[in-house]
$ cat start-v7.txt   # compact mmCIF, C-alpha atoms (C1' of nucleotides)
# COMPACT_ATOMS: atom_id res chain seq x y z
CA MET R 1 0.00 0.00 0.00
CA GLU R 2 1.18 3.49 -0.79
CA SER R 3 0.10 6.64 1.00
CA GLY R 4 0.62 10.37 1.08
CA THR R 5 -0.72 13.70 2.20
CA ILE R 6 -1.68 16.90 0.48
CA SER R 7 -1.49 19.89 2.82
CA LEU R 8 -4.71 21.85 3.06
CA SER R 9 -2.69 25.06 3.12
CA THR R 10 -1.68 24.38 -0.48
CA LEU R 11 -5.31 24.12 -1.63
CA SER R 12 -7.06 27.28 -2.71
CA GLY R 13 -10.42 27.19 -0.96
CA GLY R 14 -9.70 24.06 1.11
CA PHE R 15 -11.48 20.76 0.77
CA ASP R 16 -14.44 19.17 2.57
CA ALA R 17 -14.72 15.48 1.68
CA HIS R 18 -17.99 15.00 3.54
CA VAL R 19 -19.95 17.61 1.62
CA THR R 20 -18.17 16.92 -1.67
CA LEU R 21 -18.86 13.19 -1.67
CA GLU R 22 -22.27 13.15 0.04
CA SER R 23 -23.94 15.93 -1.94
CA GLY R 24 -25.27 13.78 -4.76
CA GLN R 25 -22.77 14.62 -7.48
CA SER R 26 -20.80 11.36 -7.35
CA TYR R 27 -22.06 7.87 -6.61
CA LEU R 28 -18.73 6.15 -7.11
CA TRP R 29 -17.27 6.84 -3.63
CA ARG R 30 -18.33 5.21 -0.38
CA ARG R 31 -17.47 5.52 3.30
CA GLU R 32 -15.40 2.84 5.00
CA ASP R 33 -17.65 3.15 8.06
CA GLY R 34 -20.80 2.63 5.97
CA ARG R 35 -22.44 5.77 7.37
CA MET R 36 -23.07 7.55 4.10
CA TYR R 37 -25.86 10.16 4.23
CA GLU R 38 -26.39 9.78 7.97
CA GLY R 39 -25.34 13.36 8.43
CA ASP R 40 -22.33 12.75 10.60
CA ASP R 41 -18.77 13.57 9.63
CA GLU R 42 -17.16 12.95 13.01
CA GLY R 43 -13.68 11.50 13.12
CA SER R 44 -12.58 12.24 9.57
CA PRO R 45 -14.14 9.21 7.88
CA TRP R 46 -12.29 7.47 5.05
CA TYR R 47 -13.96 7.56 1.63
CA TYR R 48 -12.93 5.06 -1.01
CA THR R 49 -13.43 4.42 -4.69
CA VAL R 50 -12.37 1.49 -6.88
CA LEU R 51 -11.38 2.11 -10.49
CA ASP R 52 -11.45 -0.50 -13.22
CA LEU R 53 -11.54 1.59 -16.36
CA ASP R 54 -11.75 0.83 -20.04
CA GLU R 55 -9.41 2.34 -22.59
CA LYS R 56 -11.49 5.41 -23.38
CA ASP R 57 -12.16 6.18 -19.72
CA HIS R 58 -8.39 6.37 -19.44
CA ASP R 59 -8.36 9.24 -21.93
CA VAL R 60 -10.14 11.27 -19.26
CA THR R 61 -9.14 9.61 -15.99
CA PRO R 62 -5.39 9.09 -15.47
CA VAL R 63 -4.96 5.88 -13.48
CA PRO R 64 -1.23 5.39 -13.03
CA ASP R 65 -0.94 1.60 -12.95
CA ASP R 66 -1.41 -0.85 -15.81
CA GLU R 67 -2.10 -3.84 -13.61
CA ALA R 68 -5.00 -6.19 -14.23
CA GLU R 69 -6.22 -5.46 -10.70
CA PRO R 70 -8.60 -2.57 -10.12
CA THR R 71 -7.14 0.44 -8.33
CA VAL R 72 -8.37 1.14 -4.80
CA VAL R 73 -8.02 4.69 -3.47
CA ARG R 74 -9.17 6.09 -0.17
CA VAL R 75 -9.10 9.59 1.19
CA ARG R 76 -9.82 11.44 4.41
CA VAL R 77 -9.42 15.03 5.51
CA THR R 78 -7.83 15.97 8.82
CA ASP R 79 -7.30 19.44 10.25
CA GLU R 80 -4.13 19.88 8.25
CA ALA R 81 -4.23 17.70 5.17
CA VAL R 82 -5.91 15.45 2.69
CA GLU R 83 -4.57 11.97 3.43
CA TRP R 84 -4.69 9.20 0.85
CA GLU R 85 -3.94 5.48 0.81
CA ALA R 86 -4.01 3.45 -2.38
CA SER R 87 -2.79 0.42 -4.26
CA CYS R 88 -0.50 2.73 -6.26
CA ASP R 89 0.95 6.24 -6.11
CA ALA R 90 -2.31 8.17 -6.17
CA HIS R 91 -1.30 11.78 -5.54
CA ASP R 92 -2.15 12.94 -9.04
CA LEU R 93 -5.17 10.67 -9.26
CA VAL R 94 -6.70 12.03 -6.04
CA THR R 95 -6.00 15.57 -7.20
CA HIS R 96 -7.72 14.81 -10.47
CA LEU R 97 -10.79 12.93 -9.16
CA LEU R 98 -11.57 15.50 -6.46
CA ARG R 99 -10.59 18.57 -8.49
CA LEU R 100 -8.06 19.64 -5.85
CA ASP R 101 -6.43 21.67 -8.65
CA ASP R 102 -9.41 24.04 -8.92
CA ASP R 103 -8.71 27.55 -7.66
CA LEU R 104 -11.78 27.55 -5.44
CA ASP R 105 -11.01 30.90 -3.80
CA ARG R 106 -10.97 32.58 -7.16
CA ILE R 107 -14.09 30.78 -8.40
CA ILE R 108 -15.96 31.96 -5.30
CA ALA R 109 -14.54 35.48 -5.58
CA ASP R 110 -15.78 35.65 -9.18
CA ALA R 111 -19.25 34.44 -8.27
CA PRO R 112 -22.22 36.49 -9.48
CA ASP R 113 -23.47 39.01 -6.92
CA ARG R 114 -26.74 37.35 -5.96
CA ASP R 115 -27.95 36.76 -2.41
CA LEU R 116 -28.77 33.10 -3.00
CA VAL R 117 -25.33 32.47 -4.52
CA HIS R 118 -23.51 34.11 -1.60
CA GLU R 119 -25.61 32.16 0.87
CA ALA R 120 -24.80 28.89 -0.91
CA TYR R 121 -21.06 29.53 -1.09
CA ASP R 122 -20.96 30.59 2.58
CA ALA R 123 -22.89 27.52 3.72
CA HIS R 124 -20.60 24.81 2.36
CA ARG R 125 -17.00 26.01 2.08
CA GLY R 126 -14.73 23.31 0.74
CA LEU R 127 -17.34 21.71 -1.50
CA ARG R 128 -15.66 20.85 -4.79
CA LEU R 129 -16.94 19.39 -8.02
CA VAL R 130 -15.68 15.92 -8.90
CA ARG R 131 -14.20 14.28 -11.99
CA ASP R 132 -15.85 10.88 -12.06
CA PRO R 133 -14.68 8.37 -14.69
CA PRO R 134 -17.02 8.77 -17.69
CA PHE R 135 -18.66 5.35 -17.91
CA GLY R 136 -19.41 5.07 -14.19
CA CYS R 137 -20.78 8.59 -14.19
CA LEU R 138 -22.97 7.85 -17.22
CA VAL R 139 -24.55 4.80 -15.59
CA SER R 140 -24.88 6.51 -12.20
CA PHE R 141 -26.95 9.31 -13.64
CA ILE R 142 -29.08 7.05 -15.83
CA CYS R 143 -30.00 5.42 -12.51
CA SER R 144 -30.72 8.82 -10.95
CA ALA R 145 -34.03 9.40 -12.74
CA GLN R 146 -36.75 10.08 -10.16
CA MET R 147 -34.67 8.63 -7.36
CA ARG R 148 -33.54 9.84 -3.97
CA VAL R 149 -29.81 10.40 -3.63
CA GLU R 150 -29.49 7.59 -1.07
CA ARG R 151 -31.15 5.08 -3.36
CA ILE R 152 -29.10 6.06 -6.39
CA HIS R 153 -26.07 5.23 -4.30
CA GLU R 154 -27.57 1.86 -3.36
CA MET R 155 -28.21 1.05 -7.02
CA VAL R 156 -24.66 1.90 -8.03
CA SER R 157 -23.29 -0.14 -5.11
CA SER R 158 -25.50 -3.07 -6.13
CA LEU R 159 -24.14 -2.95 -9.67
CA ALA R 160 -20.59 -3.02 -8.33
CA ARG R 161 -21.28 -5.91 -5.96
CA ALA R 162 -23.06 -7.95 -8.62
CA TYR R 163 -20.93 -7.32 -11.71
CA GLY R 164 -17.72 -5.51 -10.77
CA ASP R 165 -14.33 -7.17 -10.39
CA GLU R 166 -13.19 -7.92 -6.86
CA VAL R 167 -9.89 -6.73 -5.49
CA GLU R 168 -8.14 -7.24 -2.16
CA PHE R 169 -6.76 -4.16 -0.47
CA ASP R 170 -5.50 -3.74 3.09
CA GLY R 171 -7.11 -7.02 4.14
CA ARG R 172 -10.55 -6.31 2.73
CA THR R 173 -12.42 -7.20 -0.46
CA TYR R 174 -13.59 -4.29 -2.61
CA HIS R 175 -15.72 -4.20 -5.74
CA ALA R 176 -14.96 -1.99 -8.72
CA PHE R 177 -17.71 -0.33 -10.70
CA PRO R 178 -18.30 -2.68 -13.67
CA ARG R 179 -16.65 -2.15 -17.04
CA PRO R 180 -18.97 -1.59 -20.04
CA GLU R 181 -18.74 -5.19 -21.25
CA GLN R 182 -19.66 -6.49 -17.81
CA LEU R 183 -22.92 -4.53 -17.79
CA ALA R 184 -23.55 -5.17 -21.48
CA ALA R 185 -23.55 -8.90 -20.72
CA THR R 186 -26.45 -8.59 -18.28
CA THR R 187 -30.13 -8.79 -19.19
CA GLU R 188 -32.87 -6.29 -18.49
CA GLN R 189 -34.37 -8.79 -16.03
CA ASP R 190 -31.04 -9.13 -14.19
CA LEU R 191 -30.99 -5.40 -13.60
CA ARG R 192 -34.66 -5.25 -12.66
CA ASP R 193 -33.96 -7.93 -10.06
CA LEU R 194 -31.32 -5.57 -8.70
CA GLY R 195 -34.02 -2.94 -8.14
CA LEU R 196 -33.27 -0.58 -11.03
CA GLY R 197 -36.91 -0.54 -12.15
CA TYR R 198 -37.58 1.01 -15.55
CA ARG R 199 -33.95 2.16 -15.71
CA ALA R 200 -32.84 -1.44 -16.19
CA PRO R 201 -33.16 -1.53 -19.99
CA TYR R 202 -31.60 1.94 -20.23
CA VAL R 203 -28.48 0.80 -18.39
CA GLN R 204 -28.24 -2.48 -20.29
CA ARG R 205 -28.66 -0.91 -23.72
CA THR R 206 -26.35 2.00 -23.00
CA ALA R 207 -23.68 -0.41 -21.73
CA GLU R 208 -24.08 -2.32 -24.97
CA MET R 209 -23.58 0.87 -26.98
CA VAL R 210 -20.38 1.59 -25.08
CA ALA R 211 -19.06 -1.98 -25.09
CA SER R 212 -19.65 -2.36 -28.83
CA GLY R 213 -17.74 0.83 -29.57
CA GLU R 214 -20.80 2.56 -31.01
CA ALA R 215 -20.25 5.50 -28.65
CA HIS R 216 -18.42 6.33 -25.43
CA PRO R 217 -19.06 9.25 -23.08
CA ALA R 218 -15.36 10.12 -23.18
CA ASP R 219 -15.75 10.76 -26.92
CA PHE R 220 -17.52 14.02 -26.08
CA PHE R 221 -14.69 15.42 -23.97
CA ASP R 222 -13.43 18.29 -26.06
CA MET R 223 -16.40 19.86 -27.79
CA GLU R 224 -18.49 23.00 -27.74
CA TYR R 225 -20.69 22.66 -24.65
CA GLU R 226 -24.18 22.47 -26.15
CA ALA R 227 -22.99 20.19 -28.95
CA ALA R 228 -21.53 17.86 -26.32
CA ARG R 229 -24.84 17.84 -24.44
CA ASP R 230 -26.75 16.92 -27.59
CA ALA R 231 -24.23 14.21 -28.38
CA MET R 232 -24.52 12.73 -24.90
CA THR R 233 -28.27 12.23 -25.32
CA THR R 234 -27.59 9.52 -27.92
CA PHE R 235 -27.29 7.11 -24.99
CA VAL R 236 -30.50 5.37 -23.95
CA GLY R 237 -31.90 6.89 -20.79
CA VAL R 238 -29.95 10.11 -21.20
CA GLY R 239 -31.92 13.31 -21.75
CA ASP R 240 -30.78 16.92 -21.33
CA LYS R 241 -30.58 16.82 -17.54
CA VAL R 242 -28.56 13.61 -17.24
CA ALA R 243 -26.36 14.74 -20.12
CA ASP R 244 -25.56 17.94 -18.20
CA CYS R 245 -24.67 15.88 -15.11
CA ILE R 246 -22.14 13.82 -17.05
CA LEU R 247 -20.64 16.90 -18.69
CA LEU R 248 -20.30 18.62 -15.31
CA PHE R 249 -19.35 15.77 -12.97
CA SER R 250 -17.12 13.82 -15.33
CA LEU R 251 -15.98 15.75 -18.38
CA GLY R 252 -15.23 19.09 -16.75
CA TYR R 253 -17.74 21.30 -18.54
CA LEU R 254 -17.97 23.69 -15.61
CA GLU R 255 -20.55 25.83 -17.40
CA ALA R 256 -23.10 22.97 -17.39
CA ILE R 257 -26.04 23.41 -15.01
CA PRO R 258 -28.27 20.31 -14.73
CA LEU R 259 -31.87 21.54 -14.54
CA ASP R 260 -33.54 19.11 -12.15
CA THR R 261 -36.60 19.55 -9.97
CA TRP R 262 -34.56 21.47 -7.39
CA MET R 263 -33.18 23.89 -9.95
CA GLN R 264 -36.63 24.32 -11.52
CA THR R 265 -37.75 25.46 -8.08
CA VAL R 266 -34.80 27.84 -7.88
CA VAL R 267 -35.75 29.30 -11.25
CA SER R 268 -39.39 29.89 -10.36
CA ASP R 269 -38.65 31.16 -6.82
CA TYR R 270 -35.56 33.30 -7.43
CA TYR R 271 -35.00 33.85 -11.16
CA PRO R 272 -38.45 33.66 -12.84
CA GLU R 273 -37.16 35.82 -15.68
CA CYS R 274 -34.91 32.88 -16.66
CA ASP R 275 -37.86 30.57 -17.32
CA ARG R 276 -38.02 30.33 -21.10
CA GLY R 277 -40.40 27.38 -21.26
CA ASN R 278 -37.89 24.82 -22.51
CA TYR R 279 -34.69 23.23 -21.25
CA ALA R 280 -32.16 24.67 -23.69
CA GLU R 281 -33.26 28.30 -23.44
CA THR R 282 -33.86 28.26 -19.69
CA SER R 283 -30.45 26.66 -19.26
CA ARG R 284 -28.82 29.45 -21.27
CA ALA R 285 -30.56 32.17 -19.31
CA LEU R 286 -29.70 30.68 -15.91
CA ARG R 287 -26.13 30.01 -17.01
CA GLU R 288 -25.81 33.71 -17.82
CA THR R 289 -27.24 34.61 -14.40
CA PHE R 290 -24.79 32.22 -12.75
CA GLY R 291 -21.83 33.89 -14.39
CA GLY R 292 -21.18 31.60 -17.35
CA GLU R 293 -17.80 29.92 -17.07
CA TYR R 294 -18.26 28.44 -13.56
CA ALA R 295 -22.06 28.25 -13.55
CA GLY R 296 -21.82 24.55 -12.72
CA TYR R 297 -20.03 25.34 -9.46
CA VAL R 298 -22.78 27.80 -8.57
CA GLN R 299 -25.41 25.19 -9.43
CA THR R 300 -23.80 22.54 -7.22
CA TYR R 301 -23.57 24.87 -4.21
CA VAL R 302 -27.13 26.13 -4.69
CA PHE R 303 -28.45 22.59 -5.20
CA HIS R 304 -26.81 21.47 -1.98
CA LEU R 305 -27.99 24.52 -0.06
CA LEU R 306 -31.60 23.87 -1.07
CA ARG R 307 -31.31 20.17 -0.28
CA THR R 308 -29.89 20.71 3.20
CA ARG R 309 -31.51 23.83 4.59
CA GLU R 310 -34.61 23.48 6.69
CA ASP R 311 -37.75 25.28 5.63
C1' DT H 312 -52.58 -1.96 8.01
C1' DA H 313 -53.73 0.04 3.58
C1' DT H 314 -53.16 3.67 0.28
C1' DC H 315 -50.94 7.49 -1.58
C1' DC H 316 -47.11 10.15 -3.11
C1' DA H 317 -42.85 11.87 -4.83
C1' DA H 318 -38.02 10.90 -5.63
C1' DG H 319 -31.63 15.03 -9.16
C1' DG H 320 -36.38 12.21 -15.85
C1' DT H 321 -36.75 9.88 -20.25
C1' DA H 322 -38.97 7.78 -24.19
C1' DA H 323 -42.75 7.21 -26.98
C1' DG H 324 -47.04 8.61 -28.59
C1' DT H 325 -50.39 12.51 -29.67
C1' DT H 326 -51.82 17.07 -31.14
C1' DA O 327 -42.15 21.45 -31.87
C1' DA O 328 -44.97 21.47 -27.76
C1' DC O 329 -47.72 18.61 -24.78
C1' DT O 330 -49.18 13.94 -22.37
C1' DT O 331 -48.54 9.73 -20.41
C1' DA O 332 -46.40 5.51 -18.74
C1' DC O 333 -42.77 3.80 -16.25
C1' DC O 334 -40.19 0.45 -11.48
C1' DT O 335 -39.28 0.73 -6.76
C1' DT O 336 -39.30 2.32 -2.13
C1' DG O 337 -39.55 5.00 2.17
C1' DG O 338 -42.26 8.22 4.46
C1' DA O 339 -46.68 10.54 5.03
C1' DT O 340 -51.61 10.24 5.48
C1' DA O 341 -56.04 7.89 6.52

$ encode --input "start-v7.txt" --output "structure tokens"
Amino acid sequence: MESGTISLSTLSGGFDAHVTLESGQSYLWRREDGRMYEGDDEGSPWYYTVLDLDEKDHDVTPVPDDEAEPTVVRVRVTDEAVEWEASCDAHDLVTHLLRLDDDLDRIIADAPDRDLVHEAYDAHRGLRLVRDPPFGCLVSFICSAQMRVERIHEMVSSLARAYGDEVEFDGRTYHAFPRPEQLAATTEQDLRDLGLGYRAPYVQRTAEMVASGEAHPADFFDMEYEAARDAMTTFVGVGDKVADCILLFSLGYLEAIPLDTWMQTVVSDYYPECDRGNYAETSRALRETFGGEYAGYVQTYVFHLLRTRED
DNA sequence: TATCCAAGGTAAGTT
DNA sequence: AACTTACCTTGGATA
């Protein structure tokens, strides 16, 4: 096992693993103590992820080892540093996956001058976007349709347990998120039995599209934003909203703002002038209001503020 | 205990 | 192109 630390003093804007990994933007990390979404972050819990990527995922996600074994990485945040332990040297990988290279202080300083935006940024300092591997992110958000955050996480965990490769690390068995061909080999009924409901055929058929080489989410990495969103909807079970999630949480399109039920509420309650009656136009208007380039950061903070505040 | 309802939407059919 | 409707499952609310 290798390990290392990244001093918090070197990170612009700090880092809060609890809010970053339990705010519903990634479903590919879990807590070693199993207490995900129980609201407690006492004792600097370890969060882990297991990567078993295909070739095109690698174009986006730099996993340093070429071993057959999946890569296990875990992270926790103490008062002074981000600590990591992994089956390989994971300094750059951790930095990449958790966007520790983002200049968060500057992003916040450049935020649009709106009360709601200030409130959101003040409420959850250290929340960062993530860079999930493309295929896992794609499947996660296909599963997210009309689901609570906790259950999306259960679905993704079930897929890993049922179809992902096993790997031993530090005396424990871990499961990687399945590779495309592993999910493509399932049947709709298999996935329904896992509790995916009507999303089952979406996941199976999309996995088939990726495994066969017909399309891969990493193909849409370096494109004009709206063209990339349109391209992403070629996958079964992916509409505009899920497409925006993949662009934002995996491919680094920081201007993407997924318009879900929460953000629809934000539009009607705070920015009714942005409601243009359809997804594309409303998205443009809200993106402008949220300052353009880093609108996705604003969206994630506002989304989390609305989800956590009591009223 | 039974019934209802909404949860980070999408696809397919209708007007 | 805009508008409706069906869709799995489940935990929590309501009767």

$ interface_residues --input "start-v7.txt" --of "chain R" --to "chain O" --cutoff "9 Å" --atoms "only C-alpha atoms (C1' of nucleotides)" --output "number ranges by chain"
R: 151, 192, 195-200

$ atom_distance --input "start-v7.txt" --atom1 "atom CA of Met263 of chain R" --atom2 "atom CA of Gly126 of chain R"
21.3 Å

$ closest_atom_pairs --input "start-v7.txt" --of "chain H" --to "chain R" --cutoff "7 Å" --atoms "only C-alpha atoms (C1' of nucleotides)" --output "tab-separated table"
residue	atom	partner	partner_atom	distance
H:DA318	C1'	R:Met147	CA	4.4
H:DG319	C1'	R:Asp260	CA	5.4
H:DG320	C1'	R:Ala145	CA	4.8
H:DT321	C1'	R:Gly237	CA	5.7

$ atom_distance --input "start-v7.txt" --atom1 "atom CA of Ser44 of chain R" --atom2 "atom CA of Phe249 of chain R"
23.8 Å

$ atom_distance --input "start-v7.txt" --atom1 "atom CA of Asp170 of chain R" --atom2 "atom CA of Gly43 of chain R"
20.0 Å

$ residues_around --input "start-v7.txt" --residues "segment 88-99 of chain R" --least-positions-apart "5" --cutoff "6 Å" --atoms "all atoms listed in the file" --output "ChimeraX atom specification"
/R:2,130-131

$ residues_around --input "start-v7.txt" --residues "Thr234 of chain R" --least-positions-apart "3" --cutoff "12 Å" --atoms "only C-alpha atoms (C1' of nucleotides)" --output "ChimeraX atom specification"
/R:138,202,205-206,209-210,214-217,219-220,227-231,237-240,242-243 /H:321
